[in-house]
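**Student:** Supplied structure: model32.txt, compact mmCIF, C-alpha atoms.
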# COMPACT_ATOMS: atom_id res chain seq x y z
CA MET Y 2 1.59 -133.76 -145.20
CA LYS Y 3 -0.75 -133.41 -142.25
CA ILE Y 4 -2.07 -129.99 -141.24
CA ILE Y 5 -4.76 -128.48 -139.05
CA PHE Y 6 -7.22 -126.69 -141.33
CA ASN Y 7 -9.98 -124.75 -139.58
CA ASN Y 8 -9.54 -126.79 -136.40
CA GLN Y 9 -9.68 -130.14 -138.24
CA SER Y 10 -6.77 -132.42 -138.90
CA GLU Y 11 -6.38 -133.07 -142.64
CA GLU Y 12 -3.98 -135.08 -144.74
CA PHE Y 13 -2.78 -134.25 -148.25
CA GLN Y 14 -0.81 -136.29 -150.78
CA HIS Y 15 1.54 -133.36 -151.37
CA VAL Y 16 4.64 -132.61 -149.33
CA MET Y 17 3.74 -128.94 -149.54
CA LEU Y 18 1.14 -126.69 -151.14
CA THR Y 19 0.99 -122.96 -151.68
CA LEU Y 20 -1.85 -121.27 -149.82
CA SER Y 21 -3.57 -120.63 -153.18
CA GLU Y 22 -3.42 -124.33 -154.02
CA LEU Y 23 -4.67 -125.34 -150.57
CA LEU Y 24 -7.60 -122.90 -150.68
CA SER Y 25 -8.57 -124.03 -154.16
CA GLN Y 26 -8.46 -127.70 -153.08
CA LYS Y 27 -10.70 -126.82 -150.16
CA GLU Y 28 -12.98 -124.95 -152.59
CA PHE Y 29 -12.69 -121.66 -150.75
CA SER Y 30 -13.57 -118.49 -152.59
CA LEU Y 31 -10.68 -116.04 -152.63
CA LYS Y 32 -13.10 -113.14 -152.34
CA ASN Y 33 -12.88 -111.40 -148.99
CA ILE Y 34 -10.97 -114.23 -147.43
CA VAL Y 35 -8.87 -113.90 -144.29
CA VAL Y 36 -6.13 -116.48 -143.80
CA LEU Y 37 -3.95 -117.01 -140.74
CA LEU Y 38 -1.02 -119.41 -141.06
CA ASN Y 39 0.21 -120.54 -137.66
CA GLY Y 40 -1.60 -117.56 -136.15
CA GLU Y 41 -0.03 -114.99 -138.49
CA PHE Y 42 -2.10 -112.94 -140.94
CA VAL Y 43 -1.19 -113.63 -144.59
CA LYS Y 44 -1.66 -110.84 -147.14
CA ARG Y 45 -3.72 -111.79 -150.19
CA ASN Y 46 -0.85 -110.99 -152.56
CA ASP Y 47 1.29 -113.59 -150.79
CA PHE Y 48 -1.07 -116.58 -151.23
CA ASP Y 49 0.93 -117.79 -154.27
CA LYS Y 50 4.28 -117.37 -152.52
CA ILE Y 51 3.58 -118.82 -149.08
CA SER Y 52 3.70 -122.58 -148.72
CA VAL Y 53 1.93 -124.78 -146.22
CA ARG Y 54 3.90 -127.70 -144.82
CA ASN Y 55 3.47 -130.64 -142.51
CA GLY Y 56 2.40 -129.59 -139.01
CA ASP Y 57 1.12 -126.14 -140.00
CA THR Y 58 -2.13 -124.70 -138.70
CA VAL Y 59 -4.33 -122.75 -141.11
CA MET Y 60 -7.47 -120.78 -140.42
CA ALA Y 61 -9.40 -119.54 -143.46
CA VAL Y 62 -12.52 -117.42 -143.10
CA ASN Y 63 -14.62 -116.02 -145.93
CA LEU Y 64 -16.11 -112.74 -144.80
CA PHE Y 65 -19.83 -112.29 -145.38
CA ALA Y 66 -22.09 -109.26 -145.12
CA GLY Y 67 -23.93 -108.85 -141.87
CA GLY Y 68 -23.36 -106.78 -138.80
CA MET D 11 -24.04 -114.95 -103.43
CA SER D 12 -23.81 -114.83 -107.21
CA PHE D 13 -24.73 -111.09 -107.10
CA GLU D 14 -21.53 -110.38 -105.23
CA LYS D 15 -19.36 -112.43 -107.57
CA ALA D 16 -20.78 -110.64 -110.63
CA ALA D 17 -20.18 -107.30 -108.87
CA GLU D 18 -16.59 -108.32 -108.09
CA ILE D 19 -16.00 -109.18 -111.76
CA GLY D 20 -17.61 -105.86 -112.70
CA ARG D 21 -15.13 -104.01 -110.47
CA TYR D 22 -12.25 -105.90 -112.11
CA LEU D 23 -13.52 -105.09 -115.61
CA LYS D 24 -13.74 -101.36 -114.81
CA LYS D 25 -10.06 -100.81 -115.60
CA PHE D 26 -10.38 -102.03 -119.20
CA THR D 27 -11.14 -100.25 -122.48
CA VAL D 28 -12.85 -101.99 -125.39
CA GLY D 29 -13.04 -100.56 -128.91
CA ILE D 30 -16.13 -101.28 -131.02
CA ALA D 31 -15.95 -100.61 -134.76
CA GLY D 32 -19.52 -100.27 -136.03
CA CYS D 33 -22.69 -99.69 -134.00
CA GLY D 34 -25.25 -101.74 -135.94
CA GLY D 35 -26.68 -105.09 -134.90
CA LEU D 36 -23.39 -106.54 -133.69
CA GLY D 37 -21.78 -103.42 -132.22
CA SER D 38 -24.77 -101.98 -130.36
CA ASN D 39 -25.78 -105.29 -128.75
CA CYS D 40 -22.17 -106.19 -127.92
CA ALA D 41 -21.67 -102.76 -126.31
CA ALA D 42 -24.78 -103.20 -124.17
CA ALA D 43 -23.56 -106.58 -122.90
CA LEU D 44 -20.12 -105.16 -122.08
CA ALA D 45 -21.68 -102.17 -120.26
CA ARG D 46 -23.81 -104.55 -118.18
CA ALA D 47 -20.77 -106.72 -117.38
CA GLY D 48 -18.94 -103.65 -116.06
CA VAL D 49 -16.28 -102.79 -118.67
CA GLY D 50 -15.05 -99.31 -117.69
CA ARG D 51 -14.54 -97.60 -121.01
CA LEU D 52 -15.86 -98.13 -124.52
CA VAL D 53 -14.63 -96.46 -127.71
CA ILE D 54 -17.44 -96.65 -130.29
CA ALA D 55 -17.43 -95.52 -133.92
CA ASP D 56 -20.07 -95.41 -136.67
CA PHE D 57 -21.26 -92.88 -139.26
CA ASP D 58 -24.86 -94.03 -139.60
CA ILE D 59 -28.14 -92.79 -138.13
CA VAL D 60 -30.90 -94.76 -136.41
CA THR D 61 -33.80 -95.65 -138.75
CA ILE D 62 -37.00 -97.64 -138.31
CA HIS D 63 -35.11 -100.63 -139.75
CA SER D 64 -32.39 -100.39 -137.11
CA LEU D 65 -34.99 -101.18 -134.44
CA ARG D 66 -35.47 -104.70 -135.77
CA ARG D 67 -32.19 -105.91 -134.31
CA GLN D 68 -30.11 -103.06 -132.98
CA TYR D 69 -29.97 -101.62 -129.44
CA TYR D 70 -31.96 -98.46 -130.14
CA PHE D 71 -35.45 -97.18 -129.38
CA HIS D 72 -38.23 -95.70 -131.46
CA ASP D 73 -37.74 -92.20 -130.06
CA GLN D 74 -34.10 -92.29 -131.26
CA ILE D 75 -34.92 -92.50 -134.98
CA GLY D 76 -32.96 -89.86 -136.89
CA ARG D 77 -30.18 -89.56 -134.30
CA LEU D 78 -26.58 -90.56 -134.92
CA LYS D 79 -26.11 -94.14 -133.75
CA VAL D 80 -23.00 -93.31 -131.72
CA HIS D 81 -24.85 -90.61 -129.76
CA ALA D 82 -27.98 -92.72 -129.23
CA LEU D 83 -25.87 -95.73 -128.17
CA LYS D 84 -23.84 -93.63 -125.75
CA ASP D 85 -27.09 -92.50 -124.08
CA ASN D 86 -28.36 -96.07 -123.87
CA LEU D 87 -25.09 -97.36 -122.41
CA LEU D 88 -25.11 -94.61 -119.78
CA ARG D 89 -28.68 -95.54 -118.85
CA ILE D 90 -27.44 -99.09 -118.22
CA ASN D 91 -24.30 -98.05 -116.38
CA PRO D 92 -23.90 -94.36 -115.46
CA GLU D 93 -20.27 -94.94 -114.48
CA ILE D 94 -19.15 -96.13 -117.90
CA ILE D 95 -16.99 -93.78 -119.97
CA VAL D 96 -17.99 -93.81 -123.65
CA LYS D 97 -15.93 -92.10 -126.34
CA ALA D 98 -18.17 -91.80 -129.39
CA PHE D 99 -16.78 -91.09 -132.87
CA ASP D 100 -19.16 -90.14 -135.67
CA MET D 101 -17.06 -91.25 -138.62
CA LYS D 102 -16.51 -93.84 -141.32
CA LEU D 103 -13.32 -95.58 -140.25
CA CYS D 104 -10.27 -96.04 -142.45
CA THR D 105 -7.01 -97.85 -141.69
CA SER D 106 -5.30 -94.93 -139.98
CA ASP D 107 -8.41 -94.13 -137.88
CA ILE D 108 -8.47 -97.69 -136.59
CA VAL D 109 -4.87 -97.44 -135.43
CA ASP D 110 -5.49 -94.00 -133.88
CA LEU D 111 -8.76 -94.81 -132.10
CA PHE D 112 -8.22 -98.39 -131.01
CA SER D 113 -4.47 -98.93 -130.38
CA HIS D 114 -4.86 -98.17 -126.68
CA CYS D 115 -7.89 -100.46 -126.27
CA ASP D 116 -7.41 -103.80 -124.50
CA VAL D 117 -9.59 -105.64 -127.01
CA ILE D 118 -11.16 -104.53 -130.31
CA VAL D 119 -14.54 -105.70 -131.63
CA GLU D 120 -15.18 -105.86 -135.39
CA ALA D 121 -18.85 -105.04 -135.90
CA PHE D 122 -19.01 -103.81 -139.48
CA ASP D 123 -21.65 -104.84 -141.97
CA LYS D 124 -19.74 -104.95 -145.25
CA PRO D 125 -17.19 -107.72 -145.96
CA GLU D 126 -14.64 -105.26 -147.39
CA MET D 127 -14.74 -103.28 -144.14
CA LYS D 128 -14.41 -106.47 -142.11
CA TYR D 129 -11.33 -107.38 -144.14
CA MET D 130 -9.88 -103.90 -143.72
CA ILE D 131 -10.08 -103.90 -139.92
CA ILE D 132 -8.85 -107.49 -139.57
CA GLU D 133 -5.83 -106.76 -141.75
CA THR D 134 -5.16 -103.48 -139.98
CA VAL D 135 -5.36 -104.81 -136.43
CA LEU D 136 -3.41 -108.01 -137.10
CA THR D 137 -0.62 -106.28 -139.05
CA LYS D 138 -0.44 -102.78 -137.56
CA ILE D 139 -1.38 -103.26 -133.89
CA PRO D 140 0.73 -106.27 -132.85
CA GLY D 141 -0.55 -108.43 -130.03
CA LYS D 142 -4.00 -106.80 -129.91
CA PRO D 143 -6.92 -109.22 -129.62
CA LEU D 144 -9.64 -108.69 -132.24
CA VAL D 145 -13.08 -110.30 -131.99
CA ALA D 146 -14.91 -110.43 -135.32
CA GLY D 147 -18.45 -111.49 -136.23
CA VAL D 148 -19.02 -113.47 -139.44
CA GLY D 149 -22.19 -115.34 -140.40
CA LEU D 150 -25.37 -114.30 -138.60
CA ALA D 151 -28.01 -114.19 -141.33
CA GLY D 152 -31.39 -115.87 -141.06
CA TRP D 153 -32.93 -117.78 -138.16
CA GLY D 154 -32.64 -121.16 -136.48
CA ASN D 155 -29.43 -123.20 -136.85
CA THR D 156 -28.36 -122.05 -133.40
CA ASN D 157 -26.00 -125.00 -133.13
CA LEU D 158 -23.96 -123.73 -136.12
CA LEU D 159 -22.94 -120.59 -134.22
CA LYS D 160 -19.49 -120.97 -132.73
CA SER D 161 -16.27 -119.14 -132.04
CA ARG D 162 -12.91 -119.94 -133.61
CA GLU D 163 -9.53 -118.59 -132.63
CA ALA D 164 -6.19 -118.24 -134.40
CA GLY D 165 -3.38 -115.97 -133.26
CA ASN D 166 -4.96 -112.73 -132.03
CA LEU D 167 -8.16 -113.22 -134.02
CA VAL D 168 -11.39 -114.68 -132.66
CA VAL D 169 -14.25 -115.17 -135.14
CA CYS D 170 -17.81 -115.61 -133.86
CA GLY D 171 -20.75 -116.74 -135.99
CA ASP D 172 -21.58 -119.56 -138.37
CA GLY D 173 -18.94 -118.41 -140.85
CA VAL D 174 -21.13 -119.19 -143.85
CA SER D 175 -24.45 -117.31 -143.87
CA GLU D 176 -24.63 -114.05 -145.78
CA VAL D 177 -27.15 -111.28 -145.29
CA SER D 178 -28.96 -110.67 -148.58
CA ASP D 179 -32.30 -109.51 -149.99
CA ILE D 180 -33.67 -113.00 -149.36
CA VAL D 181 -31.98 -113.85 -146.06
CA PRO D 182 -32.13 -110.90 -143.66
CA ALA D 183 -30.36 -110.31 -140.38
CA LEU D 184 -32.88 -110.75 -137.57
CA ALA D 185 -32.73 -109.84 -133.89
CA PRO D 186 -32.19 -113.28 -132.30
CA ARG D 187 -29.27 -114.58 -134.36
CA THR D 188 -27.64 -111.14 -134.59
CA GLY D 189 -28.01 -110.77 -130.83
CA ILE D 190 -26.54 -114.21 -130.20
CA VAL D 191 -23.43 -113.46 -132.28
CA ALA D 192 -23.08 -110.00 -130.69
CA ASN D 193 -23.24 -111.57 -127.24
CA MET D 194 -20.80 -114.30 -128.29
CA GLN D 195 -18.43 -111.49 -129.24
CA ALA D 196 -18.96 -109.84 -125.84
CA ASN D 197 -18.34 -113.21 -124.20
CA GLU D 198 -15.06 -113.62 -126.10
CA VAL D 199 -14.06 -110.06 -125.06
CA LEU D 200 -14.59 -111.03 -121.41
CA ASN D 201 -12.58 -114.18 -122.04
CA GLN D 202 -9.66 -111.98 -123.10
CA LEU D 203 -10.09 -109.41 -120.30
CA LEU D 204 -10.46 -112.03 -117.56
CA LYS D 205 -7.40 -114.05 -118.57
CA ASN D 206 -5.46 -112.92 -115.51
CA TYR D 207 -8.44 -112.53 -113.19
CA ILE D 208 -8.01 -114.24 -109.86
CA PRO D 209 -11.25 -114.50 -107.87
CA GLU D 210 -11.14 -112.81 -104.48
CA GLU D 211 -11.38 -115.23 -101.61
CA GLN D 212 -14.90 -115.62 -100.37
CA GLU D 213 -15.62 -114.32 -96.91
CA GLY D 214 -15.49 -117.18 -94.48
CA GLY D 215 -14.03 -119.34 -97.25
CA GLN D 216 -11.56 -122.12 -96.68
Could you show the structure in this file as C-alpha cells?
**Tutor:**
Amino acid sequence: MKIIFNNQSEEFQHVMLTLSELLSQKEFSLKNIVVLLNGEFVKRNDFDKISVRNGDTVMAVNLFAGG
Amino acid sequence: MSFEKAAEIGRYLKKFTVGIAGCGGLGSNCAAALARAGVGRLVIADFDIVTIHSLRRQYYFHDQIGRLKVHALKDNLLRINPEIIVKAFDMKLCTSDIVDLFSHCDVIVEAFDKPEMKYMIIETVLTKIPGKPLVAGVGLAGWGNTNLLKSREAGNLVVCGDGVSEVSDIVPALAPRTGIVANMQANEVLNQLLKNYIPEEQEGGQ
C-alpha cells in the first residue's frame, strides 16, 4: 500500500497495517502521541483496532515539553 | 501604502475571538502578535505567576514579577492595543473548562508546557468542539536549527515547531526559538482568520 505519512509519500509491503503496527515500523514512541488519520483524531485505545490502507493520510506527532 | 493595508486587515480582524490556553513563552508572545495584528478579542487562561525566569522568553517585564500571568499579560496587551477586549481566566484548565471557555472562539491556540496538557487540549478540541481550528506548538527547545521549524496541518489541527526537540535540564527553552514558534502560531491563526478576507479595492485602483 501507498500512504502519505507526515506529508511524505511512503510505500509498505503490507496491504494494510493497524495504526500500532505502522507507528512501531516508523519507530514512533507511543508516549504522548497524537495521530490523525485522514484528518480525524484517533484515540489511543483505538490504535490496535484502526487499520491504515492504501491512499490514507496519517499525521503522527509526539508531544514534547516546552511552551 | 502598506500602513493602510495593515490597518485594513486590522479592522477585518477586529470581529474575531482567539482563545489562548497557557500564557508562558508560546501563549504570551503569540497573544502580543495577535494584539498587534488587530484581533478584536482574546480569551487567555493560565494559573501561573510571573517569575524572574519568565522574563527570559515570555512577554512580561521585571516590574510584573509576582503577578498572575493572565493579569500582567492583559495589561501588556492593552498597552499595545487599548481597543482589544481580553478575557483573562486565572485557572488550570481541564477538559470541561476548555469546552466552556473556548467553544465560541474562532481559533484556539495550544500554548501549554507539559506534553500531557498538550495532549488533553488537542483531544478535547478535535473530539468535543467539531470544526474548530487548533494551532499547537511542539518542539522549540534550544537554539539554532531555524530551518527545522515548520508548520504541519491535518484536519483542524496545525502544529508549529520542529516536532522533535524537548525542553529539559540540559536543553532549555530560549527567547528566540520560543518566540519564532509563538509567532508561527500567530501567523497560522491569521491564516485561518483571513481565509475569507477579500482586500478592499485600492483608491484609484484599476
**Student:** Which residues of chain Y are close to chain D, meaning at most 6 Å apart when you count all atoms listed in the file, and how do they look as an MDAnalysis selection string?
**Tutor:** chainID Y and resid 40 64:68
**Student:** For C-alpha atoms, I'd like the residues from the last selection saved as a compact mmCIF listing (two decimals), in the frame of the given file.
**Tutor:**
# COMPACT_ATOMS: atom_id res chain seq x y z
CA GLY Y 40 -1.60 -117.56 -136.15
CA LEU Y 64 -16.11 -112.74 -144.80
CA PHE Y 65 -19.83 -112.29 -145.38
CA ALA Y 66 -22.09 -109.26 -145.12
CA GLY Y 67 -23.93 -108.85 -141.87
CA GLY Y 68 -23.36 -106.78 -138.80
**Student:** What does the structure give for the distance between CA of Asp85 (chain D) and CA of Leu200 (chain D), in Å to one decimal?
**Tutor:** 22.5 Å
**Student:** If you count only C-alpha atoms, which residues fall within 10 Å of Val199 (chain D), apart from same-chain ones fewer than 5 positions away, as a ChimeraX atom specification?
**Tutor:** /D:28,40,44,49,116-119,143-145,168,193-194,204
**Student:** May I have the selected residues written with C-alpha atoms, as a PDB file, keeping the file's coordinate frame?
**Tutor:**
ATOM      1  CA  VAL D  28     -12.850-101.990-125.390  1.00  0.00           C
ATOM      2  CA  CYS D  40     -22.170-106.190-127.920  1.00  0.00           C
ATOM      3  CA  LEU D  44     -20.120-105.160-122.080  1.00  0.00           C
ATOM      4  CA  VAL D  49     -16.280-102.790-118.670  1.00  0.00           C
ATOM      5  CA  ASP D 116      -7.410-103.800-124.500  1.00  0.00           C
ATOM      6  CA  VAL D 117      -9.590-105.640-127.010  1.00  0.00           C
ATOM      7  CA  ILE D 118     -11.160-104.530-130.310  1.00  0.00           C
ATOM      8  CA  VAL D 119     -14.540-105.700-131.630  1.00  0.00           C
ATOM      9  CA  PRO D 143      -6.920-109.220-129.620  1.00  0.00           C
ATOM     10  CA  LEU D 144      -9.640-108.690-132.240  1.00  0.00           C
ATOM     11  CA  VAL D 145     -13.080-110.300-131.990  1.00  0.00           C
ATOM     12  CA  VAL D 168     -11.390-114.680-132.660  1.00  0.00           C
ATOM     13  CA  ASN D 193     -23.240-111.570-127.240  1.00  0.00           C
ATOM     14  CA  MET D 194     -20.800-114.300-128.290  1.00  0.00           C
ATOM     15  CA  LEU D 204     -10.460-112.030-117.560  1.00  0.00           C
TER      16      LEU D 204
END
**Student:** Can you measure CA of Leu20 (chain Y) to CA of Met2 (chain Y) for me? One decimal in Å is fine.
**Tutor:** 13.8 Å
**Student:** Hey, can you check how far CA of Pro92 (chain D) sits from CA of Lys205 (chain D)?
**Tutor:**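 Going from CA of Pro92 (chain D) over to CA of Lys205 (chain D) covers 25.9 Å.
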**Student:** Any idea what's packed within 9 Å of Asp49 (chain Y), counting all atoms listed in the file, ignoring anything in its chain fewer than 4 positions away? Could you give it as a PDB file with C-alpha atoms, in the frame of the given file?
**Tutor:**
ATOM      1  CA  THR Y  19       0.990-122.960-151.680  1.00  0.00           C
ATOM      2  CA  LEU Y  20      -1.850-121.270-149.820  1.00  0.00           C
ATOM      3  CA  SER Y  21      -3.570-120.630-153.180  1.00  0.00           C
ATOM      4  CA  GLU Y  22      -3.420-124.330-154.020  1.00  0.00           C
ATOM      5  CA  ARG Y  45      -3.720-111.790-150.190  1.00  0.00           C
TER       6      ARG Y  45
END
**Student:** Which residues, protein or nucleic acid, reach to within 10 Å of (-7.4, -119.3, -145.3) in the file's coordinates when using only C-alpha atoms, and can you give that as JSON, numbers by chain?
**Tutor:** {"Y": [6, 7, 20, 21, 23, 24, 27, 29, 30, 31, 34, 35, 36, 37, 38, 42, 43, 45, 48, 59, 60, 61, 62, 63]}
**Student:** Could you add whatever atoms are missing so that region 141-162 of chain D carries N, CA, C and O atoms, then write the result as an mmCIF file, in the frame of the given file?
**Tutor:**
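So out32.cif came out as:
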data_model
loop_
_atom_site.group_PDB
_atom_site.id
_atom_site.type_symbol
_atom_site.label_atom_id
_atom_site.label_comp_id
_atom_site.auth_asym_id
_atom_site.auth_seq_id
_atom_site.Cartn_x
_atom_site.Cartn_y
_atom_site.Cartn_z
ATOM 1 N N GLY D 141 -0.181 -107.891 -131.338
ATOM 2 C CA GLY D 141 -0.550 -108.430 -130.030
ATOM 3 C C GLY D 141 -1.939 -108.052 -129.556
ATOM 4 O O GLY D 141 -2.351 -108.454 -128.474
ATOM 5 N N LYS D 142 -2.675 -107.270 -130.369
ATOM 6 C CA LYS D 142 -4.000 -106.800 -129.910
ATOM 7 C C LYS D 142 -5.077 -107.814 -130.279
ATOM 8 O O LYS D 142 -5.250 -108.159 -131.445
ATOM 9 N N PRO D 143 -5.837 -108.297 -129.287
ATOM 10 C CA PRO D 143 -6.920 -109.220 -129.620
ATOM 11 C C PRO D 143 -8.049 -108.528 -130.390
ATOM 12 O O PRO D 143 -8.445 -107.408 -130.039
ATOM 13 N N LEU D 144 -8.531 -109.195 -131.428
ATOM 14 C CA LEU D 144 -9.640 -108.690 -132.240
ATOM 15 C C LEU D 144 -10.725 -109.754 -132.296
ATOM 16 O O LEU D 144 -10.445 -110.912 -132.620
ATOM 17 N N VAL D 145 -11.962 -109.363 -131.970
ATOM 18 C CA VAL D 145 -13.080 -110.300 -131.990
ATOM 19 C C VAL D 145 -14.020 -109.900 -133.121
ATOM 20 O O VAL D 145 -14.642 -108.835 -133.069
ATOM 21 N N ALA D 146 -14.111 -110.742 -134.142
ATOM 22 C CA ALA D 146 -14.910 -110.430 -135.320
ATOM 23 C C ALA D 146 -16.198 -111.253 -135.321
ATOM 24 O O ALA D 146 -16.295 -112.285 -134.654
ATOM 25 N N GLY D 147 -17.179 -110.771 -136.083
ATOM 26 C CA GLY D 147 -18.450 -111.490 -136.230
ATOM 27 C C GLY D 147 -18.696 -111.795 -137.707
ATOM 28 O O GLY D 147 -18.739 -110.878 -138.514
ATOM 29 N N VAL D 148 -18.811 -113.074 -138.039
ATOM 30 C CA VAL D 148 -19.020 -113.470 -139.440
ATOM 31 C C VAL D 148 -20.060 -114.582 -139.519
ATOM 32 O O VAL D 148 -19.838 -115.679 -138.992
ATOM 33 N N GLY D 149 -21.181 -114.297 -140.189
ATOM 34 C CA GLY D 149 -22.190 -115.340 -140.400
ATOM 35 C C GLY D 149 -23.274 -115.296 -139.347
ATOM 36 O O GLY D 149 -23.199 -115.985 -138.332
ATOM 37 N N LEU D 150 -24.286 -114.448 -139.578
ATOM 38 C CA LEU D 150 -25.370 -114.300 -138.600
ATOM 39 C C LEU D 150 -26.733 -114.232 -139.268
ATOM 40 O O LEU D 150 -27.748 -114.037 -138.595
ATOM 41 N N ALA D 151 -26.760 -114.395 -140.596
ATOM 42 C CA ALA D 151 -28.010 -114.190 -141.330
ATOM 43 C C ALA D 151 -29.038 -115.277 -141.020
ATOM 44 O O ALA D 151 -28.688 -116.405 -140.673
ATOM 45 N N GLY D 152 -30.309 -114.896 -141.156
ATOM 46 C CA GLY D 152 -31.390 -115.870 -141.060
ATOM 47 C C GLY D 152 -31.823 -116.163 -139.633
ATOM 48 O O GLY D 152 -31.638 -115.362 -138.722
ATOM 49 N N TRP D 153 -32.404 -117.361 -139.460
ATOM 50 C CA TRP D 153 -32.930 -117.780 -138.160
ATOM 51 C C TRP D 153 -32.665 -119.262 -137.982
ATOM 52 O O TRP D 153 -32.276 -119.957 -138.917
ATOM 53 N N GLY D 154 -32.899 -119.738 -136.763
ATOM 54 C CA GLY D 154 -32.640 -121.160 -136.480
ATOM 55 C C GLY D 154 -31.153 -121.483 -136.550
ATOM 56 O O GLY D 154 -30.312 -120.587 -136.466
ATOM 57 N N ASN D 155 -30.833 -122.770 -136.741
ATOM 58 C CA ASN D 155 -29.430 -123.200 -136.850
ATOM 59 C C ASN D 155 -28.556 -122.644 -135.736
ATOM 60 O O ASN D 155 -27.398 -122.270 -135.961
ATOM 61 N N THR D 156 -29.106 -122.597 -134.541
ATOM 62 C CA THR D 156 -28.360 -122.050 -133.400
ATOM 63 C C THR D 156 -27.078 -122.836 -133.169
ATOM 64 O O THR D 156 -26.052 -122.269 -132.801
ATOM 65 N N ASN D 157 -27.159 -124.146 -133.414
ATOM 66 C CA ASN D 157 -26.000 -125.000 -133.130
ATOM 67 C C ASN D 157 -24.829 -124.757 -134.081
ATOM 68 O O ASN D 157 -23.729 -125.217 -133.831
ATOM 69 N N LEU D 158 -25.065 -124.028 -135.197
ATOM 70 C CA LEU D 158 -23.960 -123.730 -136.120
ATOM 71 C C LEU D 158 -23.135 -122.527 -135.658
ATOM 72 O O LEU D 158 -22.041 -122.271 -136.176
ATOM 73 N N LEU D 159 -23.669 -121.776 -134.699
ATOM 74 C CA LEU D 159 -22.940 -120.590 -134.220
ATOM 75 C C LEU D 159 -21.850 -121.022 -133.261
ATOM 76 O O LEU D 159 -22.082 -121.776 -132.330
ATOM 77 N N LYS D 160 -20.629 -120.542 -133.536
ATOM 78 C CA LYS D 160 -19.490 -120.970 -132.730
ATOM 79 C C LYS D 160 -18.424 -119.891 -132.745
ATOM 80 O O LYS D 160 -18.545 -118.898 -133.470
ATOM 81 N N SER D 161 -17.390 -120.074 -131.955
ATOM 82 C CA SER D 161 -16.270 -119.140 -132.040
ATOM 83 C C SER D 161 -15.008 -119.921 -132.352
ATOM 84 O O SER D 161 -14.832 -121.053 -131.903
ATOM 85 N N ARG D 162 -14.177 -119.323 -133.202
ATOM 86 C CA ARG D 162 -12.910 -119.940 -133.610
ATOM 87 C C ARG D 162 -11.797 -118.957 -133.357
ATOM 88 O O ARG D 162 -11.991 -117.748 -133.512
#
